[in-house]
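Dropping data15.txt in here (compact mmCIF, C-alpha atoms and all ligand atoms):
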```txt
# COMPACT_ATOMS: atom_id res chain seq x y z
CA MET A 1 -58.31 44.56 0.07
CA LYS A 2 -56.05 43.46 -2.75
CA ILE A 3 -54.36 40.12 -2.16
CA LEU A 4 -51.71 38.20 -4.10
CA VAL A 5 -51.78 34.41 -3.68
CA THR A 6 -48.74 32.51 -4.97
CA GLY A 7 -49.18 28.83 -5.85
CA ALA A 8 -52.85 29.65 -6.53
CA ALA A 9 -53.31 26.81 -9.04
CA GLY A 10 -52.17 24.29 -6.43
CA PHE A 11 -54.08 22.39 -3.78
CA ILE A 12 -54.21 24.67 -0.71
CA GLY A 13 -53.53 27.93 -2.59
CA SER A 14 -56.61 27.44 -4.79
CA HIS A 15 -58.91 26.85 -1.78
CA THR A 16 -57.48 29.86 0.04
CA SER A 17 -57.91 32.07 -3.05
CA GLU A 18 -61.59 31.12 -3.21
CA ARG A 19 -62.12 31.83 0.47
CA LEU A 20 -60.35 35.21 0.28
CA LYS A 21 -62.59 36.13 -2.65
CA GLU A 22 -65.72 35.00 -0.76
CA LEU A 23 -64.63 37.29 2.07
CA GLY A 24 -64.90 40.22 -0.35
CA ASN A 25 -61.26 40.68 -1.39
CA ASP A 26 -59.78 41.33 -4.80
CA VAL A 27 -57.59 38.24 -5.37
CA VAL A 28 -54.83 37.82 -7.95
CA GLY A 29 -53.21 34.39 -8.28
CA VAL A 30 -49.73 33.49 -9.49
CA ASP A 31 -48.42 30.06 -10.46
CA ASN A 32 -45.69 28.71 -12.73
CA PHE A 33 -47.73 25.53 -13.38
CA SER A 34 -44.73 23.43 -12.43
CA PRO A 35 -44.75 19.86 -13.82
CA TYR A 36 -44.16 18.36 -10.33
CA TYR A 37 -47.55 16.66 -10.73
CA ASP A 38 -50.28 16.33 -13.37
CA LEU A 39 -50.74 19.74 -14.96
CA ALA A 40 -54.33 18.88 -15.84
CA LEU A 41 -55.23 19.24 -12.14
CA LYS A 42 -53.56 22.67 -11.83
CA LYS A 43 -55.27 23.83 -15.04
CA LEU A 44 -58.63 22.61 -13.71
CA ASN A 45 -58.04 24.52 -10.45
CA ALA A 46 -57.10 27.70 -12.37
CA LYS A 47 -60.21 27.34 -14.57
CA THR A 48 -62.42 26.96 -11.49
CA LEU A 49 -60.85 30.10 -10.00
CA LEU A 50 -61.34 32.07 -13.22
CA GLU A 51 -65.06 31.19 -13.14
CA LYS A 52 -65.06 32.96 -9.77
CA ASN A 53 -63.22 35.99 -11.19
CA ILE A 54 -59.82 35.06 -9.84
CA GLU A 55 -57.17 35.21 -12.50
CA VAL A 56 -54.05 33.04 -12.13
CA LEU A 57 -51.07 34.67 -13.85
CA LYS A 58 -48.43 32.28 -15.21
CA ILE A 59 -45.31 33.59 -13.50
CA ASP A 60 -42.21 31.81 -12.23
CA LEU A 61 -41.07 33.43 -9.00
CA ARG A 62 -37.54 32.12 -9.55
CA SER A 63 -36.83 33.92 -12.80
CA ASP A 64 -39.58 36.26 -14.05
CA ASP A 65 -39.46 40.03 -13.70
CA LEU A 66 -41.71 40.34 -10.64
CA SER A 67 -41.77 44.16 -10.51
CA GLY A 68 -42.83 44.26 -14.15
CA LYS A 69 -45.50 41.55 -13.92
CA LEU A 70 -47.09 41.63 -10.46
CA PRO A 71 -49.62 44.19 -9.19
CA LYS A 72 -48.10 46.81 -6.90
CA ASP A 73 -51.06 47.98 -4.79
CA LEU A 74 -51.15 44.93 -2.54
CA ASP A 75 -52.40 44.70 1.04
CA TYR A 76 -51.42 41.06 1.53
CA ILE A 77 -49.28 38.32 0.01
CA PHE A 78 -50.19 34.71 0.84
CA HIS A 79 -47.17 32.66 -0.26
CA PHE A 80 -47.99 29.01 -1.02
CA ALA A 81 -45.74 28.47 -4.06
CA ALA A 82 -43.17 25.80 -3.29
CA HIS A 83 -41.67 22.52 -4.35
CA PRO A 84 -43.67 20.45 -1.85
CA GLY A 85 -43.39 17.01 -0.30
CA ILE A 86 -40.66 14.41 -0.17
CA SER A 87 -39.94 12.89 -3.53
CA ASN A 88 -37.13 10.62 -4.73
CA THR A 89 -37.29 12.12 -8.20
CA SER A 90 -36.81 15.75 -7.10
CA THR A 91 -33.33 17.31 -6.99
CA PHE A 92 -31.84 19.56 -4.34
CA GLU A 93 -31.96 22.33 -6.95
CA ASP A 94 -35.78 21.91 -7.21
CA TYR A 95 -36.17 22.47 -3.47
CA PHE A 96 -33.54 25.20 -3.25
CA SER A 97 -34.77 27.29 -6.18
CA ASN A 98 -38.53 27.01 -5.61
CA ASN A 99 -38.48 27.26 -1.83
CA ILE A 100 -35.57 29.54 -0.95
CA LEU A 101 -34.71 31.55 -4.06
CA ALA A 102 -38.34 32.16 -5.10
CA THR A 103 -39.22 33.32 -1.55
CA GLN A 104 -36.25 35.69 -1.43
CA ARG A 105 -37.18 37.21 -4.82
CA LEU A 106 -40.80 37.67 -3.70
CA LEU A 107 -39.66 39.35 -0.48
CA GLU A 108 -37.39 41.71 -2.43
CA PHE A 109 -40.35 42.59 -4.66
CA ALA A 110 -42.64 43.20 -1.64
CA GLU A 111 -40.10 45.24 0.25
CA GLN A 112 -39.70 47.86 -2.51
CA LEU A 113 -43.45 48.53 -2.87
CA PRO A 114 -44.60 51.98 -1.74
CA LYS A 115 -47.27 50.48 0.54
CA LYS A 116 -45.75 47.32 2.02
CA PRO A 117 -48.07 44.29 2.04
CA PHE A 118 -48.37 41.92 5.02
CA PHE A 119 -46.52 38.71 4.09
CA VAL A 120 -48.14 35.39 5.06
CA ASN A 121 -45.65 32.56 4.62
CA ILE A 122 -46.92 29.00 4.32
CA ALA A 123 -44.56 26.59 6.07
CA THR A 124 -44.75 22.97 7.13
CA SER A 125 -44.57 20.57 10.07
CA SER A 126 -41.56 19.01 8.24
CA ILE A 127 -39.54 21.88 9.71
CA TYR A 128 -39.73 20.08 13.09
CA GLY A 129 -38.18 16.89 11.71
CA LEU A 130 -39.06 13.21 11.99
CA GLU A 131 -41.32 13.89 14.94
CA ALA A 132 -43.52 16.99 14.79
CA THR A 133 -45.45 17.24 18.03
CA PHE A 134 -43.98 20.40 19.47
CA PRO A 135 -44.91 24.02 20.16
CA GLU A 136 -43.43 26.66 17.86
CA SER A 137 -40.70 27.58 20.37
CA VAL A 138 -38.88 24.23 20.05
CA PRO A 139 -35.71 24.30 17.87
CA PRO A 140 -36.35 22.81 14.42
CA LYS A 141 -34.62 19.61 13.30
CA PRO A 142 -35.68 19.09 9.67
CA ALA A 143 -34.63 15.75 8.16
CA SER A 144 -35.26 16.34 4.44
CA TRP A 145 -34.32 18.82 1.73
CA TYR A 146 -37.96 19.86 1.79
CA GLY A 147 -37.94 20.60 5.54
CA VAL A 148 -34.56 22.36 5.42
CA THR A 149 -35.47 24.64 2.51
CA LYS A 150 -38.92 25.46 3.95
CA LEU A 151 -37.22 26.39 7.24
CA ALA A 152 -34.85 28.69 5.37
CA ALA A 153 -37.78 30.30 3.54
CA GLU A 154 -39.61 30.85 6.82
CA GLN A 155 -36.53 32.47 8.37
CA LEU A 156 -36.10 34.77 5.37
CA VAL A 157 -39.65 36.05 5.97
CA LEU A 158 -39.19 36.40 9.74
CA ALA A 159 -35.82 38.12 9.25
CA LYS A 160 -37.59 40.86 7.24
CA SER A 161 -39.98 41.31 10.14
CA ARG A 162 -37.15 41.42 12.70
CA GLU A 163 -35.42 44.08 10.61
CA ASN A 164 -38.71 46.05 10.42
CA LYS A 165 -38.55 45.91 6.65
CA LEU A 166 -41.78 43.99 6.11
CA GLU A 167 -44.46 42.68 8.46
CA GLY A 168 -45.20 39.00 8.18
CA THR A 169 -46.02 35.69 9.81
CA SER A 170 -45.50 31.99 9.14
CA PHE A 171 -48.03 29.17 9.39
CA ARG A 172 -46.72 25.61 9.74
CA LEU A 173 -49.34 23.29 8.24
CA PHE A 174 -49.87 19.67 9.27
CA SER A 175 -50.82 16.87 6.76
CA VAL A 176 -53.53 18.62 4.74
CA TYR A 177 -56.05 16.58 2.72
CA GLY A 178 -59.36 17.18 0.92
CA PRO A 179 -60.69 17.96 -2.57
CA ARG A 180 -57.88 18.82 -5.07
CA GLU A 181 -55.25 17.12 -2.91
CA ARG A 182 -51.96 16.60 -4.75
CA PRO A 183 -51.81 13.30 -6.65
CA ASP A 184 -48.60 12.29 -4.84
CA LYS A 185 -50.27 12.40 -1.42
CA LEU A 186 -51.74 9.56 0.63
CA TYR A 187 -55.47 10.07 0.21
CA THR A 188 -55.48 10.92 -3.50
CA ARG A 189 -53.46 7.76 -4.18
CA LEU A 190 -55.69 5.75 -1.87
CA ILE A 191 -58.95 6.99 -3.43
CA ASP A 192 -57.55 6.45 -6.93
CA CYS A 193 -56.53 2.85 -6.08
CA GLY A 194 -59.81 2.11 -4.30
CA MET A 195 -62.02 3.46 -7.06
CA ASN A 196 -59.97 2.08 -9.94
CA ASN A 197 -59.26 -1.36 -8.42
CA LYS A 198 -55.49 -0.96 -8.22
CA PRO A 199 -53.29 -2.21 -5.33
CA PHE A 200 -52.32 0.65 -2.99
CA PRO A 201 -48.52 1.16 -2.71
CA LEU A 202 -47.81 1.36 1.04
CA PHE A 203 -44.35 2.51 2.17
CA GLU A 204 -43.06 -0.11 4.59
CA GLY A 205 -43.77 0.83 8.23
CA SER A 206 -45.91 3.82 7.22
CA GLU A 207 -49.11 2.12 8.37
CA LYS A 208 -47.99 2.88 11.94
CA HIS A 209 -47.11 6.53 11.25
CA LEU A 210 -49.25 8.95 13.26
CA ARG A 211 -50.59 12.04 11.54
CA SER A 212 -52.65 15.14 12.28
CA PHE A 213 -54.68 14.66 9.08
CA THR A 214 -56.27 18.09 8.66
CA TYR A 215 -59.15 18.92 6.34
CA VAL A 216 -58.23 21.67 3.90
CA GLN A 217 -61.10 24.01 4.88
CA ASP A 218 -59.96 23.80 8.53
CA ILE A 219 -56.49 24.87 7.36
CA VAL A 220 -57.95 27.74 5.32
CA ASP A 221 -59.91 28.90 8.41
CA GLY A 222 -56.63 29.29 10.28
CA ILE A 223 -54.77 30.95 7.42
CA VAL A 224 -57.38 33.64 6.72
CA SER A 225 -57.82 34.37 10.43
CA VAL A 226 -54.61 36.44 10.16
CA ILE A 227 -56.64 39.25 8.55
CA GLY A 228 -57.26 41.91 11.16
CA LYS A 229 -54.74 40.32 13.56
CA GLU A 230 -51.57 41.64 11.89
CA THR A 231 -50.13 43.10 15.10
CA VAL A 232 -50.54 39.83 17.00
CA CYS A 233 -49.14 37.80 14.09
CA ASN A 234 -46.19 39.94 12.97
CA GLY A 235 -42.92 38.03 13.45
CA GLU A 236 -44.71 34.98 14.84
CA ILE A 237 -44.96 31.31 13.84
CA PHE A 238 -48.21 29.35 14.27
CA ASN A 239 -48.87 25.62 13.94
CA LEU A 240 -52.15 24.88 12.10
CA GLY A 241 -53.69 21.42 12.12
CA THR A 242 -55.97 19.11 14.01
CA GLU A 243 -55.01 17.79 17.44
CA THR A 244 -56.58 14.43 16.57
CA GLU A 245 -53.97 11.84 15.63
CA SER A 246 -54.67 8.91 13.30
CA THR A 247 -52.38 6.23 11.98
CA THR A 248 -52.11 5.70 8.23
CA ALA A 249 -53.74 2.29 8.84
CA GLN A 250 -56.73 4.06 10.46
CA GLY A 251 -56.89 6.42 7.48
CA ILE A 252 -57.01 3.46 5.12
CA SER A 253 -59.72 1.71 7.11
CA THR A 254 -61.80 4.93 7.30
CA PHE A 255 -61.71 5.13 3.52
CA GLU A 256 -62.54 1.40 3.24
CA GLU A 257 -65.63 2.12 5.39
CA ILE A 258 -66.68 4.92 3.01
CA LEU A 259 -66.08 2.83 -0.10
CA GLN A 260 -67.42 -0.32 1.58
CA LYS A 261 -64.67 -2.50 0.24
CA LYS A 262 -61.23 -3.77 1.24
CA ILE A 263 -58.22 -2.21 -0.45
CA GLU A 264 -55.35 -4.42 -1.48
CA THR A 265 -51.93 -3.05 -0.51
CA GLU A 266 -48.54 -3.51 -2.13
CA LYS A 267 -45.44 -2.95 0.06
CA LYS A 268 -42.86 -0.37 -1.08
CA PRO A 269 -39.49 0.44 0.56
CA PRO A 270 -39.68 3.18 3.23
CA ARG A 271 -39.09 6.79 2.17
CA ASP A 272 -36.08 8.70 3.56
CA GLY A 273 -37.13 11.71 5.63
CA ASP A 274 -40.71 10.45 6.14
CA GLN A 275 -42.02 11.64 9.51
CA SER A 276 -42.96 8.99 12.07
CA ARG A 277 -45.36 11.21 14.00
CA THR A 278 -47.04 14.55 13.49
CA LYS A 279 -49.44 16.01 16.05
CA ALA A 280 -50.24 19.67 15.73
CA ASN A 281 -49.73 21.53 18.98
CA ILE A 282 -52.13 24.42 18.36
CA ASP A 283 -52.21 26.02 21.82
CA LYS A 284 -50.81 29.28 20.43
CA ALA A 285 -53.15 29.47 17.41
CA ARG A 286 -56.12 28.59 19.61
CA LYS A 287 -55.25 31.31 22.13
CA LEU A 288 -54.24 34.12 19.75
CA LEU A 289 -56.29 33.38 16.63
CA GLY A 290 -59.27 31.49 18.10
CA TYR A 291 -58.31 28.54 15.87
CA ASN A 292 -60.51 25.47 16.34
CA PRO A 293 -60.47 22.82 13.56
CA GLN A 294 -63.54 20.58 13.71
CA THR A 295 -63.83 18.31 10.63
CA SER A 296 -63.52 14.58 11.35
CA LEU A 297 -61.38 12.39 9.10
CA LYS A 298 -64.49 10.56 7.89
CA GLU A 299 -66.36 13.77 6.98
CA GLY A 300 -63.32 15.12 5.16
CA LEU A 301 -62.68 11.90 3.26
CA ILE A 302 -66.32 11.69 2.16
CA ALA A 303 -65.95 15.20 0.64
CA GLN A 304 -62.65 14.28 -1.01
CA THR A 305 -64.06 11.05 -2.45
CA GLU A 306 -67.08 12.94 -3.87
CA TRP A 307 -64.75 15.49 -5.45
CA PHE A 308 -62.61 12.72 -6.97
CA LYS A 309 -65.69 11.03 -8.48
CA ASN A 310 -66.92 14.29 -10.02
CA ASN A 311 -63.58 15.50 -11.38
CA ILE A 312 -61.96 12.96 -13.61
CA TYR A 313 -59.05 15.11 -14.66
CA HIS A 314 -56.57 12.27 -15.14
N1 LIG A 401 -50.29 19.65 1.32
C1 LIG A 401 -49.85 19.57 2.56
O1 LIG A 401 -50.20 18.65 3.31
C2 LIG A 401 -48.93 20.63 3.11
C3 LIG A 401 -48.49 20.47 4.43
C4 LIG A 401 -47.64 21.42 4.95
C5 LIG A 401 -47.27 22.52 4.20
N2 LIG A 401 -47.69 22.64 2.92
C6 LIG A 401 -47.27 23.82 2.16
O2 LIG A 401 -48.40 24.42 1.56
C7 LIG A 401 -48.04 25.03 0.33
C8 LIG A 401 -48.96 24.51 -0.78
O3 LIG A 401 -48.82 23.09 -0.87
P1 LIG A 401 -49.78 22.23 -1.79
O4 LIG A 401 -49.90 20.89 -1.17
O5 LIG A 401 -50.98 23.02 -2.12
O6 LIG A 401 -48.83 22.07 -3.07
P2 LIG A 401 -49.11 22.33 -4.63
O7 LIG A 401 -47.91 21.78 -5.34
O8 LIG A 401 -50.44 21.81 -5.01
O9 LIG A 401 -49.10 23.91 -4.74
C9 LIG A 401 -47.92 24.67 -4.92
C10 LIG A 401 -48.09 25.48 -6.21
O10 LIG A 401 -46.95 26.34 -6.35
C11 LIG A 401 -46.59 26.40 -7.70
N3 LIG A 401 -45.16 26.76 -7.78
C12 LIG A 401 -44.11 25.99 -7.44
N4 LIG A 401 -42.96 26.64 -7.69
C13 LIG A 401 -43.30 27.86 -8.18
C14 LIG A 401 -42.54 28.98 -8.65
N5 LIG A 401 -41.21 28.94 -8.69
N6 LIG A 401 -43.21 30.07 -9.11
C15 LIG A 401 -44.58 30.10 -9.10
N7 LIG A 401 -45.34 29.06 -8.70
C16 LIG A 401 -44.71 27.95 -8.23
C17 LIG A 401 -46.88 25.01 -8.25
O11 LIG A 401 -47.06 24.98 -9.66
C18 LIG A 401 -48.13 24.61 -7.46
O12 LIG A 401 -49.30 24.84 -8.21
C19 LIG A 401 -46.56 24.71 0.11
O13 LIG A 401 -45.81 25.83 0.51
C20 LIG A 401 -46.31 23.53 1.02
O14 LIG A 401 -44.97 23.50 1.47
C21 LIG A 401 -48.51 21.71 2.36
```
Would you mind writing the structure in this file as structure tokens?
Ligand SMILES: NC(=O)c1ccc[n+]([C@@H]2O[C@H](COP(=O)([O-])OP(=O)(O)OC[C@H]3O[C@@H](n4cnc5c(N)ncnc54)[C@H](O)[C@@H]3O)[C@@H](O)[C@H]2O)c1
Amino acid sequence: MKILVTGAAGFIGSHTSERLKELGNDVVGVDNFSPYYDLALKKLNAKTLLEKNIEVLKIDLRSDDLSGKLPKDLDYIFHFAAHPGISNTSTFEDYFSNNILATQRLLEFAEQLPKKPFFVNIATSSIYGLEATFPESVPPKPASWYGVTKLAAEQLVLAKSRENKLEGTSFRLFSVYGPRERPDKLYTRLIDCGMNNKPFPLFEGSEKHLRSFTYVQDIVDGIVSVIGKETVCNGEIFNLGTETESTTAQGISTFEEILQKKIETEKKPPRDGDQSRTKANIDKARKLLGYNPQTSLKEGLIAQTEWFKNNIYH
């Protein structure tokens, strides 16, 4: 099968591209190499993919001529490209254009193809709001520009399915970590501080936040399980993540155990829109997709720490 992966030079998109290739598919990546975080990491990811015969085309979904530049004989689109996370330095325009406008343009491109691809949208637990512990049927209450724009993108995809114009599904991911994690996220910052003897900036109160910290390969398992289950998935939303909850403080102490040293913290003001609790309710994914994430936080953090040691990209 021929598969387009958007955001392929990013964290989760690069892992999914590799897995789709390992499963025997012809994978084409797309990324605009946005400067949201260190480009050296995205370039390293793209280089690793190229060594596995996955090309990442430099295309901006917001503005480039998609019909002229993207392959047309696609069976699937996995759409990871987005302006992710909650950041004080990002503007509303960043979230709006990369999350809503880019998704709409990609849908318009997909819809006019002679053979319509199945559209897999990658969404987030931030859609639920400050507490994300619910099944997919509960009304969303996003509390950040990120959550609001990702909800809109998800609805654009599901609207196409409701109108019978394109088949598709949406996966809401919960707190993903592992090798290649974005530099703005908890564990990359923690590993960097621990290994380079810097104090770890801890947002006030965040040590008590509860999270479904989910290892990236467990997320990829769930995402690729859509293949062959298109009828079950069409028009549906699925939560993907671990049911095990850990506090940020437990995450820090797990890493301290791995590194065998104490990490100094430095208090920072709390972030607006930061979730207090996420716990993936995966009853639906378990039942319909056989989803069963297994990696413990310690196992996952050992793998991420090894990756960090071996890839000094910064
Ligand atoms: N990391 C997590 O914990 C997490 C949790 C929930 C949901 N998600 C979702 O997963 C997806 C991937 O997240 P990630 O953590 O891998 O982020 P990432 O930033 O590493 O990957 C996103 C990639 O998309 C690219 N991109 C952004 N705008 C683009 C555009 N206009 N055109 C083309 N490419 C563009 C970026 O350059 C980047 O490489 C996102 O949709 C995000 O909302 C991530």
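Between Thr242 (chain A) and the candidates A:Phe255, A:Phe11, A:Tyr177, A:Tyr187, the tightest atom-to-atom separation, counting all atoms listed in the file, involves A:Tyr177.
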Could you state the separation of CA of Leu4 (chain A) and CA of Thr16 (chain A) in Å, given to one decimal place?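 Separation between CA of Leu4 (chain A) and CA of Thr16 (chain A): 11.0 Å.
The smallest atom-to-atom distance between Pro35 (chain A) and any of A:Gln250, A:Ser137, A:Ser90, A:Ser67, using all atoms listed in the file, is found for A:Ser90.
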With only C-alpha atoms as the basis for distance, which of A:Asp274, A:Glu181, A:Asp73, A:Glu167 is at the shortest distance from Ile12 (chain A)? A:Glu181
Which residues are near Ile237 (chain A)? Cut-off 9 Å, all atoms listed in the file, ignore same chain within fewer than 2 positions. Put them as a ChimeraX atom specification. /A:136-137,154,158,169-172,233-235,239
Closest of A:Arg277, A:Lys262, A:Arg162, A:Lys21 to Gly129 (chain A) - atom-to-atom distances counting only C-alpha atoms: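 So, comparing all the options, the nearest one is A:Arg277.
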Within 8 Å of region 297-305 of chain A, which residues of region 105-203 of chain A come that close, and what is the closest atom pair and distance in Å for each? Count only C-alpha atoms and give it as CSV.
```
residue,atom,partner,partner_atom,distance
A:Tyr177,CA,A:Gly300,CA,7.8
A:Gly178,CA,A:Gln304,CA,4.8
A:Pro179,CA,A:Gln304,CA,4.5
A:Arg180,CA,A:Gln304,CA,7.7
A:Ile191,CA,A:Thr305,CA,6.6
```
Listing only residues of region 262-283 of chain A within 12 Å of region 213-230 of chain A, what is the closest atom pair and its distance in Å (to one decimal) for each, using only C-alpha atoms, sorted by chain and residue number ascending, as JSON lines?
```
{"residue": "A:Arg277", "atom": "CA", "partner": "A:Phe213", "partner_atom": "CA", "distance": 11.1}
{"residue": "A:Thr278", "atom": "CA", "partner": "A:Phe213", "partner_atom": "CA", "distance": 8.8}
{"residue": "A:Lys279", "atom": "CA", "partner": "A:Phe213", "partner_atom": "CA", "distance": 8.8}
{"residue": "A:Ala280", "atom": "CA", "partner": "A:Thr214", "partner_atom": "CA", "distance": 9.4}
{"residue": "A:Ile282", "atom": "CA", "partner": "A:Gly222", "partner_atom": "CA", "distance": 10.5}
```
Quick one: residues within 10 Å of Leu39 (chain A), all atoms listed in the file counted, chain neighbours fewer than 3 positions away excluded, as a count of residues only? 12
So, with only C-alpha atoms as the atoms that count, which of A:Ile122, A:Ile252, A:Ala81, A:Leu50 lies closest to Asn32 (chain A)?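 When distances to Asn32 (chain A) are compared using only C-alpha atoms, the smallest one comes from A:Ala81.
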Rounded to one decimal, what separation in Å do you get between atom O6 of ligand LIG 401 (chain A) and CA of Leu259 (chain A)?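 About the pair atom O6 of ligand LIG 401 (chain A) and CA of Leu259 (chain A): they are 26.0 Å apart.
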Do you know which residues are at most 7 Å from Phe92 (chain A) counting only C-alpha atoms, after dropping those on the same chain fewer than 3 positions away, and could you put them as a PDB file with C-alpha atoms, keeping the file's coordinate frame?
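Saved file part_35.pdb follows:
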```pdb
ATOM      1  CA  TYR A  95     -36.170  22.470  -3.470  1.00  0.00           C
ATOM      2  CA  PHE A  96     -33.540  25.200  -3.250  1.00  0.00           C
ATOM      3  CA  TRP A 145     -34.320  18.820   1.730  1.00  0.00           C
TER       4      TRP A 145
END
```
Between A:Lys160, A:His209, A:Arg182, A:Arg271, single out the one closest to Ala249 (chain A), counting only C-alpha atoms. A:His209
